[in-house]
file target13.txt (compact mmCIF, C-alpha atoms)
# COMPACT_ATOMS: atom_id res chain seq x y z
CA MET A 1 -29.92 -28.52 -12.54
CA ASN A 2 -30.30 -25.34 -14.51
CA THR A 3 -27.13 -25.50 -16.55
CA LYS A 4 -28.89 -24.10 -19.60
CA SER A 5 -30.27 -20.98 -17.96
CA GLN A 6 -26.96 -20.34 -16.17
CA MET A 7 -25.11 -20.69 -19.44
CA LEU A 8 -27.55 -18.38 -21.19
CA CYS A 9 -27.02 -15.72 -18.51
CA ALA A 10 -23.25 -16.14 -18.73
CA TRP A 11 -23.37 -15.62 -22.51
CA CYS A 12 -25.14 -12.29 -21.93
CA GLY A 13 -21.79 -10.91 -20.69
CA PRO A 14 -19.73 -11.13 -23.88
CA ALA A 15 -22.85 -10.30 -25.88
CA ALA A 16 -23.39 -7.15 -23.81
CA ILE A 17 -19.83 -5.92 -24.19
CA VAL A 18 -19.88 -6.49 -27.96
CA LEU A 19 -23.24 -4.70 -28.21
CA PHE A 20 -21.87 -1.85 -26.10
CA MET A 21 -18.85 -1.42 -28.36
CA VAL A 22 -21.02 -1.52 -31.47
CA GLY A 23 -23.47 1.05 -30.06
CA PHE A 24 -20.99 3.43 -28.49
CA TRP A 25 -18.13 3.17 -30.93
CA PHE A 26 -19.55 2.34 -34.33
CA ILE A 27 -23.10 3.71 -34.27
CA ALA A 28 -22.83 6.70 -31.92
CA GLY A 29 -19.23 7.40 -32.96
CA LEU A 30 -18.28 8.60 -29.47
CA VAL A 31 -14.92 6.80 -29.44
CA PRO A 32 -12.42 8.42 -29.12
CA PRO A 33 -14.19 10.77 -26.74
CA PRO A 34 -14.10 14.51 -27.43
CA SER A 35 -11.54 16.44 -25.38
CA PRO A 36 -12.60 17.98 -22.05
CA HIS A 37 -10.81 21.09 -23.41
CA ASP A 38 -13.48 21.58 -26.11
CA THR A 39 -15.45 24.82 -25.97
CA ALA A 40 -19.25 24.86 -25.79
CA LEU A 41 -19.49 25.56 -29.53
CA GLN A 42 -17.18 22.66 -30.39
CA VAL A 43 -19.29 20.37 -28.22
CA VAL A 44 -22.51 21.56 -29.89
CA ALA A 45 -20.94 20.83 -33.28
CA ILE A 46 -20.27 17.23 -32.16
CA TYR A 47 -23.91 16.68 -31.20
CA HIS A 48 -25.10 18.27 -34.46
CA HIS A 49 -23.12 15.71 -36.42
CA HIS A 50 -25.07 12.46 -37.14
CA THR A 51 -27.52 13.35 -34.37
CA ASN A 52 -29.93 10.50 -35.09
CA LEU A 53 -27.17 7.90 -35.30
CA LYS A 54 -25.89 9.08 -31.91
CA ARG A 55 -29.41 8.83 -30.43
CA LEU A 56 -29.72 5.29 -31.79
CA GLY A 57 -26.22 4.24 -30.69
CA LEU A 58 -26.96 5.34 -27.12
CA VAL A 59 -30.20 3.33 -27.06
CA VAL A 60 -28.05 0.33 -28.01
CA VAL A 61 -25.67 1.23 -25.16
CA MET A 62 -28.59 1.20 -22.71
CA MET A 63 -29.74 -2.19 -23.98
CA ALA A 64 -26.20 -3.49 -23.56
CA GLY A 65 -26.09 -2.08 -20.03
CA ALA A 66 -29.28 -3.91 -19.09
CA MET A 67 -27.90 -7.10 -20.67
CA THR A 68 -25.05 -7.14 -18.16
CA ALA A 69 -27.64 -7.92 -15.43
CA PRO A 70 -28.08 -11.66 -16.21
CA PHE A 71 -24.29 -11.94 -16.48
CA VAL A 72 -23.84 -10.39 -13.03
CA ALA A 73 -26.56 -12.70 -11.69
CA SER A 74 -24.78 -15.76 -13.06
CA ILE A 75 -21.53 -14.65 -11.36
CA SER A 76 -23.38 -14.44 -8.05
CA THR A 77 -24.95 -17.85 -8.66
CA GLN A 78 -21.51 -19.42 -8.96
CA MET A 79 -20.14 -17.36 -6.03
CA LYS A 80 -22.96 -18.79 -3.92
CA ARG A 81 -21.59 -22.27 -4.60
CA ILE A 82 -18.43 -21.18 -2.80
CA GLU A 83 -20.12 -19.33 0.04
CA GLY A 84 -23.11 -21.56 0.67
CA GLN A 85 -26.39 -20.40 2.14
CA TYR A 86 -25.09 -17.30 3.90
CA SER A 87 -23.44 -15.40 1.11
CA PRO A 88 -22.69 -11.71 1.71
CA LEU A 89 -20.02 -11.52 -1.00
CA SER A 90 -22.39 -12.92 -3.58
CA TYR A 91 -25.06 -10.35 -2.63
CA THR A 92 -22.50 -7.54 -2.65
CA GLN A 93 -21.46 -8.52 -6.14
CA LEU A 94 -25.08 -8.75 -7.25
CA GLY A 95 -26.10 -5.39 -5.80
CA LEU A 96 -23.11 -3.47 -7.11
CA GLY A 97 -23.35 -5.18 -10.50
CA MET A 98 -26.99 -4.13 -10.82
CA ILE A 99 -26.01 -0.55 -10.01
CA GLY A 100 -23.56 -0.95 -12.87
CA VAL A 101 -26.56 -1.27 -15.20
CA LEU A 102 -27.63 2.23 -14.18
CA LEU A 103 -24.14 3.51 -14.83
CA PHE A 104 -24.76 2.74 -18.48
CA ILE A 105 -28.33 4.02 -18.56
CA ILE A 106 -28.09 7.27 -16.59
CA PRO A 107 -25.12 8.78 -18.48
CA ALA A 108 -26.61 7.54 -21.76
CA PHE A 109 -29.78 9.51 -20.97
CA MET A 110 -27.65 12.59 -20.26
CA PHE A 111 -26.22 12.19 -23.75
CA GLU A 112 -29.75 11.71 -25.09
CA ALA A 113 -30.85 14.94 -23.37
CA ALA A 114 -27.96 16.82 -25.00
CA LEU A 115 -28.91 15.28 -28.35
CA PHE A 116 -32.63 15.86 -27.85
CA ARG A 117 -32.35 19.64 -28.41
CA PRO A 118 -28.85 20.35 -29.70
CA ASP A 119 -30.07 23.87 -30.61
CA ARG A 120 -30.42 24.98 -27.00
CA ALA A 121 -27.90 27.38 -25.45
CA PRO A 122 -24.40 25.94 -26.05
CA SER A 123 -23.47 26.24 -22.39
CA LEU A 124 -26.40 23.97 -21.50
CA VAL A 125 -25.33 21.39 -24.07
CA LEU A 126 -21.83 21.56 -22.59
CA ALA A 127 -23.21 21.03 -19.08
CA LEU A 128 -25.25 18.01 -20.19
CA SER A 129 -22.24 16.62 -22.03
CA ASP A 130 -20.09 16.93 -18.88
CA LEU A 131 -22.88 15.31 -16.87
CA ALA A 132 -22.74 12.38 -19.28
CA TRP A 133 -18.96 11.94 -19.64
CA LEU A 134 -17.93 12.35 -16.01
CA PRO A 135 -20.01 9.49 -14.57
CA PHE A 136 -19.69 7.38 -17.70
CA ILE A 137 -15.90 7.26 -17.34
CA GLY A 138 -15.46 8.16 -13.69
CA ALA A 139 -18.08 6.22 -11.72
CA PHE A 140 -15.92 3.14 -11.20
CA MET A 141 -16.61 2.84 -7.48
CA PRO A 142 -19.33 0.13 -7.65
CA ALA A 143 -17.17 -1.90 -10.06
CA PHE A 144 -14.20 -1.49 -7.70
CA PHE A 145 -15.96 -3.13 -4.74
CA GLN A 146 -17.70 -5.61 -7.03
CA ASN A 147 -14.29 -6.83 -8.25
CA LEU A 148 -12.98 -7.04 -4.71
CA ALA A 149 -16.04 -9.09 -3.67
CA ILE A 150 -15.39 -11.51 -6.52
CA ALA A 151 -11.71 -11.66 -5.53
CA ALA A 152 -12.58 -12.40 -1.92
CA SER A 153 -14.82 -15.29 -2.92
CA CYS A 154 -12.11 -16.69 -5.25
CA PHE A 155 -9.70 -16.69 -2.29
CA GLN A 156 -12.30 -18.52 -0.18
CA ASP A 157 -12.52 -21.23 -2.82
CA THR A 158 -9.39 -22.94 -1.51
CA GLU A 159 -9.96 -26.13 -3.50
CA GLU A 160 -10.62 -24.16 -6.69
CA ARG A 161 -13.90 -26.01 -7.06
CA VAL A 162 -15.68 -23.06 -8.73
CA PHE A 163 -13.15 -20.39 -9.68
CA PRO A 164 -9.36 -20.62 -10.10
CA ARG A 165 -7.40 -18.63 -7.52
CA TRP A 166 -5.64 -16.50 -10.10
CA LEU A 167 -9.06 -15.11 -11.02
CA GLY A 168 -9.05 -13.51 -7.57
CA TYR A 169 -5.73 -11.79 -8.23
CA PHE A 170 -6.95 -10.79 -11.67
CA ASN A 171 -10.00 -9.11 -10.13
CA VAL A 172 -7.84 -7.24 -7.62
CA TRP A 173 -5.73 -5.99 -10.51
CA VAL A 174 -8.81 -4.88 -12.47
CA ALA A 175 -10.11 -3.02 -9.39
CA ILE A 176 -6.79 -1.19 -9.00
CA ALA A 177 -6.60 -0.37 -12.71
CA PHE A 178 -9.86 1.58 -12.36
CA VAL A 179 -8.57 3.79 -9.53
CA PRO A 180 -6.78 6.45 -11.66
CA GLY A 181 -10.31 7.27 -12.91
CA ILE A 182 -10.43 9.58 -9.88
CA LEU A 183 -8.19 11.96 -11.81
CA ILE A 184 -10.70 12.76 -14.59
CA ASN A 185 -12.48 15.06 -12.15
CA PHE A 186 -9.36 17.17 -11.79
CA LEU A 187 -7.71 17.33 -15.20
CA HIS A 188 -8.83 18.65 -18.58
CA GLY A 189 -6.03 17.27 -20.73
CA GLY A 190 -3.30 14.66 -20.98
CA PRO A 191 -3.34 10.94 -20.14
CA PHE A 192 -5.44 11.37 -16.99
CA ALA A 193 -8.31 13.29 -18.61
CA TRP A 194 -11.53 11.45 -19.53
CA ASN A 195 -10.22 10.94 -23.06
CA GLY A 196 -6.68 10.07 -21.94
CA VAL A 197 -4.73 6.82 -22.25
CA PHE A 198 -4.90 6.14 -18.57
CA CYS A 199 -8.48 7.02 -17.78
CA PHE A 200 -10.20 6.01 -21.00
CA TRP A 201 -8.25 3.54 -23.11
CA LEU A 202 -6.77 1.48 -20.29
CA PRO A 203 -10.01 1.08 -18.26
CA LEU A 204 -11.99 0.42 -21.44
CA SER A 205 -9.58 -2.38 -22.45
CA VAL A 206 -9.44 -3.81 -18.93
CA PHE A 207 -13.24 -3.65 -18.68
CA GLY A 208 -13.63 -5.45 -22.01
CA VAL A 209 -11.08 -8.14 -21.12
CA TRP A 210 -12.71 -8.61 -17.70
CA PHE A 211 -16.00 -9.65 -19.35
CA PHE A 212 -14.32 -12.33 -21.44
CA VAL A 213 -12.15 -13.65 -18.62
CA MET A 214 -15.14 -13.80 -16.27
CA PHE A 215 -17.18 -15.49 -18.98
CA TRP A 216 -14.49 -18.14 -19.41
CA ALA A 217 -14.37 -18.75 -15.64
CA LEU A 218 -18.16 -18.87 -15.37
CA ARG A 219 -18.46 -21.35 -18.18
CA ARG A 220 -15.84 -23.53 -16.51
CA GLY A 221 -17.63 -23.26 -13.16
CA ILE A 222 -21.04 -24.05 -14.62
CA LEU A 223 -19.73 -27.09 -16.50
CA ALA A 224 -17.97 -28.33 -13.36
CA GLN A 225 -21.22 -27.96 -11.43
CA ALA A 226 -23.07 -29.94 -14.11
CA ALA A 227 -20.40 -32.66 -13.96
CA GLU A 228 -20.68 -32.81 -10.15
CA ALA A 229 -24.43 -33.18 -10.43
CA VAL A 230 -24.34 -36.12 -12.86
CA PRO A 231 -23.03 -38.83 -10.45
CA ALA A 232 -25.50 -37.62 -7.82
CA ALA A 233 -28.35 -37.98 -10.26
CA ALA A 234 -27.15 -41.43 -11.34
CA LEU A 235 -27.46 -42.81 -7.81
CA MET B 1 27.02 -31.70 -30.85
CA ALA B 2 26.53 -31.65 -27.13
CA THR B 3 23.70 -29.43 -26.11
CA LEU B 4 23.07 -27.89 -22.75
CA GLU B 5 20.33 -30.42 -22.22
CA ASP B 6 22.78 -33.29 -22.74
CA ALA B 7 25.14 -31.70 -20.26
CA THR B 8 22.50 -31.40 -17.58
CA ARG B 9 21.36 -34.96 -18.31
CA ARG B 10 24.90 -36.23 -17.81
CA GLN B 11 25.20 -34.35 -14.54
CA ASN B 12 22.01 -35.94 -13.41
CA GLY B 13 23.14 -39.48 -14.00
CA GLY B 14 21.46 -39.83 -17.38
CA GLU B 15 18.05 -38.84 -16.19
CA PRO B 16 16.44 -35.95 -18.06
CA ILE B 17 15.49 -33.09 -15.82
CA THR B 18 11.83 -32.30 -16.07
CA ARG B 19 10.87 -28.64 -16.02
CA GLU B 20 8.81 -29.01 -12.86
CA ARG B 21 11.79 -30.15 -10.92
CA VAL B 22 14.07 -27.34 -11.99
CA ARG B 23 11.68 -24.42 -11.81
CA HIS B 24 10.34 -23.03 -8.60
CA LEU B 25 7.86 -20.22 -9.06
CA PRO B 26 7.78 -18.21 -5.84
CA GLY B 27 4.24 -17.62 -4.64
CA GLU B 28 1.30 -18.84 -6.64
CA LEU B 29 0.43 -18.30 -10.29
CA GLY B 30 -2.15 -15.66 -9.37
CA THR B 31 0.42 -13.47 -7.65
CA TRP B 32 2.24 -13.24 -10.95
CA VAL B 33 -0.95 -12.45 -12.87
CA PHE B 34 -1.31 -9.51 -10.50
CA ILE B 35 2.33 -8.43 -10.41
CA LEU B 36 2.88 -8.63 -14.17
CA GLY B 37 -0.47 -6.91 -14.78
CA ASP B 38 0.45 -4.13 -12.41
CA MET B 39 3.91 -3.74 -13.87
CA THR B 40 2.37 -3.45 -17.34
CA VAL B 41 0.25 -0.56 -16.08
CA PHE B 42 3.34 1.09 -14.61
CA ALA B 43 5.28 0.53 -17.83
CA LEU B 44 2.49 2.41 -19.59
CA LEU B 45 2.76 5.21 -17.02
CA PHE B 46 6.53 5.44 -17.49
CA GLY B 47 6.05 5.52 -21.27
CA ILE B 48 3.50 8.33 -20.97
CA PHE B 49 5.85 10.31 -18.74
CA MET B 50 8.73 9.97 -21.23
CA TYR B 51 6.45 10.93 -24.11
CA TYR B 52 5.28 14.17 -22.45
CA ARG B 53 8.75 14.93 -21.16
CA ASP B 54 9.95 14.81 -24.74
CA LYS B 55 7.39 17.45 -25.66
CA GLN B 56 8.49 19.98 -23.01
CA PRO B 57 12.15 19.12 -22.25
CA ALA B 58 13.03 22.59 -20.88
CA LEU B 59 10.06 22.72 -18.52
CA PHE B 60 10.70 19.20 -17.23
CA ALA B 61 14.42 19.84 -16.71
CA HIS B 62 13.75 23.15 -14.97
CA SER B 63 11.07 21.71 -12.67
CA GLN B 64 13.17 18.65 -11.89
CA LEU B 65 15.79 20.95 -10.32
CA THR B 66 13.28 21.96 -7.63
CA LEU B 67 13.16 18.35 -6.36
CA HIS B 68 15.51 17.44 -3.53
CA LYS B 69 17.43 14.38 -4.65
CA SER B 70 18.16 13.50 -1.04
CA PHE B 71 14.50 12.56 -0.48
CA GLY B 72 14.69 10.20 -3.43
CA VAL B 73 18.05 8.73 -2.37
CA ILE B 74 16.90 8.14 1.21
CA ASN B 75 13.68 6.50 0.02
CA THR B 76 15.61 4.28 -2.38
CA LEU B 77 17.94 3.18 0.42
CA LEU B 78 14.98 2.55 2.73
CA LEU B 79 13.21 0.36 0.19
CA LEU B 80 16.37 -1.54 -0.77
CA THR B 81 17.02 -2.23 2.92
CA SER B 82 13.43 -3.39 3.39
CA SER B 83 13.68 -5.69 0.38
CA LEU B 84 16.86 -7.21 1.76
CA CYS B 85 15.07 -7.81 5.07
CA VAL B 86 12.10 -9.40 3.30
CA VAL B 87 14.20 -11.77 1.18
CA THR B 88 16.24 -12.76 4.25
CA ALA B 89 12.98 -13.31 6.15
CA VAL B 90 11.74 -15.65 3.41
CA ARG B 91 14.96 -17.67 3.63
CA ALA B 92 14.72 -17.79 7.41
CA VAL B 93 11.11 -18.99 7.25
CA ARG B 94 12.10 -21.72 4.77
CA LYS B 95 14.75 -22.87 7.24
CA GLY B 96 12.16 -22.87 10.01
CA ALA B 97 13.71 -20.04 12.03
CA GLN B 98 11.42 -18.74 14.75
CA ARG B 99 11.97 -15.14 15.78
CA LEU B 100 14.25 -13.87 13.04
CA PRO B 101 11.61 -13.57 10.25
CA THR B 102 9.29 -11.53 12.49
CA ILE B 103 12.10 -9.14 13.41
CA LEU B 104 13.23 -8.76 9.80
CA LEU B 105 9.70 -8.09 8.59
CA GLY B 106 9.26 -5.58 11.41
CA VAL B 107 12.36 -3.74 10.19
CA ALA B 108 10.91 -3.78 6.65
CA VAL B 109 7.67 -2.21 7.92
CA VAL B 110 9.64 0.45 9.78
CA CYS B 111 11.47 1.21 6.50
CA GLY B 112 8.06 1.53 4.84
CA LEU B 113 6.93 3.94 7.56
CA GLY B 114 10.14 5.92 7.05
CA PHE B 115 9.35 6.08 3.33
CA THR B 116 5.87 7.36 4.19
CA LEU B 117 7.18 10.08 6.49
CA ASN B 118 9.77 11.10 3.94
CA LYS B 119 7.13 11.20 1.19
CA PHE B 120 4.86 13.47 3.22
CA LEU B 121 7.78 15.79 4.03
CA GLU B 122 8.71 15.92 0.35
CA TRP B 123 5.14 16.51 -0.87
CA GLY B 124 4.57 19.09 1.89
CA GLY B 125 7.79 20.91 0.94
CA LEU B 126 6.79 21.09 -2.73
CA LEU B 127 3.29 22.30 -1.90
CA SER B 128 4.60 24.96 0.48
CA HIS B 129 6.74 26.29 -2.39
CA HIS B 130 3.57 26.50 -4.50
CA HIS B 131 4.47 23.58 -6.73
CA TYR B 132 1.00 22.10 -7.12
CA PRO B 133 -0.09 19.19 -9.34
CA ASP B 134 -1.78 21.72 -11.63
CA THR B 135 1.25 24.06 -11.75
CA ASN B 136 2.65 22.34 -14.81
CA ASN B 137 2.90 18.94 -16.46
CA PHE B 138 6.04 17.93 -14.58
CA TYR B 139 4.46 18.39 -11.15
CA MET B 140 1.24 16.77 -12.36
CA TYR B 141 3.19 13.63 -13.34
CA PHE B 142 5.34 13.83 -10.25
CA PHE B 143 2.35 13.85 -7.91
CA VAL B 144 0.32 11.30 -9.89
CA LEU B 145 3.19 8.81 -10.33
CA THR B 146 4.47 9.08 -6.77
CA GLY B 147 0.85 9.01 -5.54
CA ILE B 148 0.00 5.79 -7.39
CA HIS B 149 3.26 4.27 -6.17
CA PHE B 150 2.50 5.38 -2.61
CA PHE B 151 -0.91 3.68 -2.85
CA HIS B 152 0.95 0.45 -3.73
CA LEU B 153 3.36 0.99 -0.85
CA LEU B 154 0.41 1.21 1.56
CA LEU B 155 -1.02 -2.03 0.11
CA GLY B 156 2.45 -3.55 0.53
CA MET B 157 2.65 -2.53 4.19
CA GLY B 158 -0.71 -4.25 4.70
CA VAL B 159 0.74 -7.37 3.05
CA LEU B 160 3.89 -7.20 5.22
CA THR B 161 1.71 -6.96 8.32
CA ALA B 162 -0.11 -10.12 7.22
CA LEU B 163 3.29 -11.79 6.73
CA ILE B 164 4.34 -10.79 10.27
CA VAL B 165 1.23 -12.53 11.60
CA LEU B 166 2.10 -15.61 9.52
CA SER B 167 5.75 -15.58 10.61
CA ARG B 168 4.72 -15.94 14.26
CA LYS B 169 3.18 -19.35 13.54
CA PRO B 170 5.33 -22.31 14.59
CA SER B 171 5.21 -23.74 11.05
CA LEU B 172 3.61 -22.85 7.76
CA SER B 173 1.47 -25.07 5.56
CA GLU B 174 2.31 -25.28 1.86
CA LYS B 175 -0.42 -22.78 1.01
CA GLU B 176 0.68 -20.35 3.71
CA MET B 177 4.25 -20.62 2.44
CA MET B 178 3.04 -19.76 -1.04
CA PHE B 179 1.20 -16.72 0.29
CA PHE B 180 4.34 -15.74 2.17
CA GLU B 181 6.46 -15.89 -0.96
CA GLY B 182 3.81 -14.11 -3.03
CA GLY B 183 3.53 -11.30 -0.50
CA ALA B 184 7.31 -10.94 -0.47
CA CYS B 185 7.30 -10.73 -4.28
CA PHE B 186 4.70 -7.96 -4.11
CA TRP B 187 6.97 -5.96 -1.81
CA HIS B 188 9.92 -6.45 -4.17
CA MET B 189 7.70 -5.10 -6.97
CA VAL B 190 6.96 -1.97 -4.93
CA ASP B 191 10.72 -1.57 -4.44
CA LEU B 192 11.52 -2.21 -8.11
CA LEU B 193 8.92 0.28 -9.32
CA TRP B 194 10.30 2.91 -6.98
CA ILE B 195 13.82 2.44 -8.33
CA VAL B 196 12.56 3.06 -11.87
CA LEU B 197 10.49 6.04 -10.67
CA PHE B 198 13.47 7.46 -8.80
CA ALA B 199 15.63 7.31 -11.90
CA LEU B 200 12.88 8.71 -14.11
CA LEU B 201 11.75 11.58 -11.90
CA TYR B 202 14.95 12.66 -10.15
CA LEU B 203 17.90 11.61 -12.29
CA VAL B 204 17.11 11.49 -16.02
CA HIS B 205 18.17 14.70 -17.75
call {"tool": "encode", "arguments": {"input": "target13.txt", "output": "structure tokens"}}
result
Amino acid sequence: MNTKSQMLCAWCGPAAIVLFMVGFWFIAGLVPPPSPHDTALQVVAIYHHHTNLKRLGLVVVMMAGAMTAPFVASISTQMKRIEGQYSPLSYTQLGLGMIGVLLFIIPAFMFEAALFRPDRAPSLVLALSDLAWLPFIGAFMPAFFQNLAIAASCFQDTEERVFPRWLGYFNVWVAIAFVPGILINFLHGGPFAWNGVFCFWLPLSVFGVWFFVMFWALRRGILAQAAEAVPAAAL
Amino acid sequence: MATLEDATRRQNGGEPITRERVRHLPGELGTWVFILGDMTVFALLFGIFMYYRDKQPALFAHSQLTLHKSFGVINTLLLLTSSLCVVTAVRAVRKGAQRLPTILLGVAVVCGLGFTLNKFLEWGGLLSHHHYPDTNNFYMYFFVLTGIHFFHLLLGMGVLTALIVLSRKPSLSEKEMMFFEGGACFWHMVDLLWIVLFALLYLVH
């Protein structure tokens, strides 16, 4: 049994989300996001303000992104207990979750490029800034199918041996809550812009809550697995 | 002082009624996690709409006049009819009826298809009069809100189709019955959300 390593990987989830918030919100100061309405000069002014802190905060964001990998792996490990040897859902979750790591790192490097030479032509800074914000907020598609894969495996677990069934419904809800993110590509202001209630604050909250709910379920699953293993070992 | 609890205890021959025996939660717990979660999101959407409407009352009132209420009324009637069919189907399934639930659910799906047709006619009409989502805030909210609702309606039609398949079985296991009830609850949510949307988009002045 590898209860300890599974538990360690599971703990990486809440740790990653806390680290992400600290890096993005408190060190880089990018929450709340600047408005998509901002002109090139306004955007340049943002990157001129506390430039080094922003650079540092985004490095923390990238570390946090990479730290989600063990968490994703531990979800797949538990999903495999439901599916058995042939486990497409578990692999789907794993693959999409690992792409999720890049969805922290690639946009964060776009920010870093904007911050690297904030004195370049303002229109270029604006372009880099857009390149960072749009995927950072809008690239929910891997998470969408990842959540559905988790949901599908919860529904397969008819005896609720690993995950409770409501976790499946919860994951479907999370997937659907991400969908309005489509709208950030179309709108520059209001609740459906990348800094709006519906496309920033709601997904950010849902995303944060998802980590803690999944962590709770993982911990429960891992402990149940350990408990199942004990009588077998005693024989 | 006699409390309600005492009264129920007396009715029950002195035996206290436990909560489990009185309460029946339709569907499973998870369905309600989903439905309440989804309704929270919609409540937020409705709140946002009211907030922005308050900022531009003249524009919203003026744009609202370009909507044809009849589309909204017909869609409301269609969904109410479908909900009635679904709830009757659930009762029929509980009583073990054979063909009736399938027929009722079929009628509900047809109502959903009618809603879809109506929605496309309405959207098409607005677009042909150059009322685009980016024309002004009212149309933006109109298209986004009705669009998100329509997405739920499509999910709901998928659920109803699954229920039709279930209803053709000679008898349902406890788990299947729970799925049946949960699916029916989802459809009622789609109906309920539309009624609020209808009032908000077409009627509120």
call {"tool": "closest_residue", "arguments": {"input": "target13.txt", "among": "B:Lys95, B:Lys175, B:His24, B:His68", "to": "chain A", "atoms": "only C-alpha atoms"}}
result
B:Lys175
call {"tool": "interface_residues", "arguments": {"input": "target13.txt", "of": "chain B", "to": "chain A", "cutoff": "9 Å", "atoms": "all atoms listed in the file", "output": "PyMOL selection string"}}
result
chain B and resi 28-35+37-38+41+44-45+48+52+134+137+144+148
call {"tool": "residues_around", "arguments": {"input": "target13.txt", "residues": "Ala217 of chain A", "least_positions_apart": "6", "cutoff": "10 Å", "atoms": "all atoms listed in the file", "output": "list of chain:residue names"}}
result
A:Ala10, A:Ile75, A:Gln78, A:Val162, A:Phe163, A:Pro164, A:Leu167, A:Phe211, A:Leu223
call {"tool": "atom_distance", "arguments": {"input": "target13.txt", "atom1": "atom CA of Leu102 of chain A", "atom2": "atom CA of Phe71 of chain A"}}
result
14.7 Å
call {"tool": "residues_around", "arguments": {"input": "target13.txt", "residues": "Leu25 of chain B", "least_positions_apart": "5", "cutoff": "10 Å", "atoms": "only C-alpha atoms", "output": "list of chain:residue names"}}
result
B:Glu20, B:Trp32, B:Met178, B:Glu181, B:Gly182
call {"tool": "residues_near_point", "arguments": {"input": "target13.txt", "point": "(-11.8, 2.6, -7.8)", "cutoff": "6 Å", "atoms": "only C-alpha atoms", "output": "VMD selection string"}}
result
chain A and resid 140 to 141 144 178 to 179
call {"tool": "atom_distance", "arguments": {"input": "target13.txt", "atom1": "atom CA of Ala193 of chain A", "atom2": "atom CA of Pro142 of chain A"}}
result
20.4 Å
call {"tool": "atom_distance", "arguments": {"input": "target13.txt", "atom1": "atom CA of Gln42 of chain A", "atom2": "atom CA of Ser123 of chain A"}}
result
10.8 Å
call {"tool": "residues_around", "arguments": {"input": "target13.txt", "residues": "Gly106 of chain B", "least_positions_apart": "6", "cutoff": "9 Å", "atoms": "only C-alpha atoms", "output": "PyMOL selection string"}}
result
chain B and resi 85+160-161+164
call {"tool": "residues_around", "arguments": {"input": "target13.txt", "residues": "segment 109-114 of chain B", "least_positions_apart": "3", "cutoff": "6 Å", "atoms": "only C-alpha atoms", "output": "number ranges by chain"}}
result
B: 78, 82, 106, 117
call {"tool": "write_last_selection", "arguments": {"input": "target13.txt", "atoms": "C-alpha atoms", "output": "compact mmCIF listing (two decimals), in the coordinates of the input"}}
result
# COMPACT_ATOMS: atom_id res chain seq x y z
CA LEU B 78 14.98 2.55 2.73
CA SER B 82 13.43 -3.39 3.39
CA GLY B 106 9.26 -5.58 11.41
CA LEU B 117 7.18 10.08 6.49
call {"tool": "residues_near_point", "arguments": {"input": "target13.txt", "point": "(10.7, -14.2, 16.9)", "cutoff": "12 Å", "atoms": "all atoms listed in the file", "output": "compact mmCIF listing (two decimals) with C-alpha atoms, keeping the file's coordinate frame"}}
result
# COMPACT_ATOMS: atom_id res chain seq x y z
CA ALA B 89 12.98 -13.31 6.15
CA ALA B 92 14.72 -17.79 7.41
CA VAL B 93 11.11 -18.99 7.25
CA GLY B 96 12.16 -22.87 10.01
CA ALA B 97 13.71 -20.04 12.03
CA GLN B 98 11.42 -18.74 14.75
CA ARG B 99 11.97 -15.14 15.78
CA LEU B 100 14.25 -13.87 13.04
CA PRO B 101 11.61 -13.57 10.25
CA THR B 102 9.29 -11.53 12.49
CA ILE B 103 12.10 -9.14 13.41
CA LEU B 104 13.23 -8.76 9.80
CA LEU B 105 9.70 -8.09 8.59
CA GLY B 106 9.26 -5.58 11.41
CA ILE B 164 4.34 -10.79 10.27
CA VAL B 165 1.23 -12.53 11.60
CA LEU B 166 2.10 -15.61 9.52
CA SER B 167 5.75 -15.58 10.61
CA ARG B 168 4.72 -15.94 14.26
CA LYS B 169 3.18 -19.35 13.54
CA PRO B 170 5.33 -22.31 14.59
call {"tool": "closest_residue", "arguments": {"input": "target13.txt", "among": "A:Leu103, A:Met79, A:Leu8, A:Ala108", "to": "Gly138 of chain A", "atoms": "all atoms listed in the file"}}
result
A:Leu103
call {"tool": "closest_residue", "arguments": {"input": "target13.txt", "among": "A:Phe24, A:Tyr47, A:Phe215, A:Trp210", "to": "Arg117 of chain A", "atoms": "only C-alpha atoms"}}
result
A:Tyr47
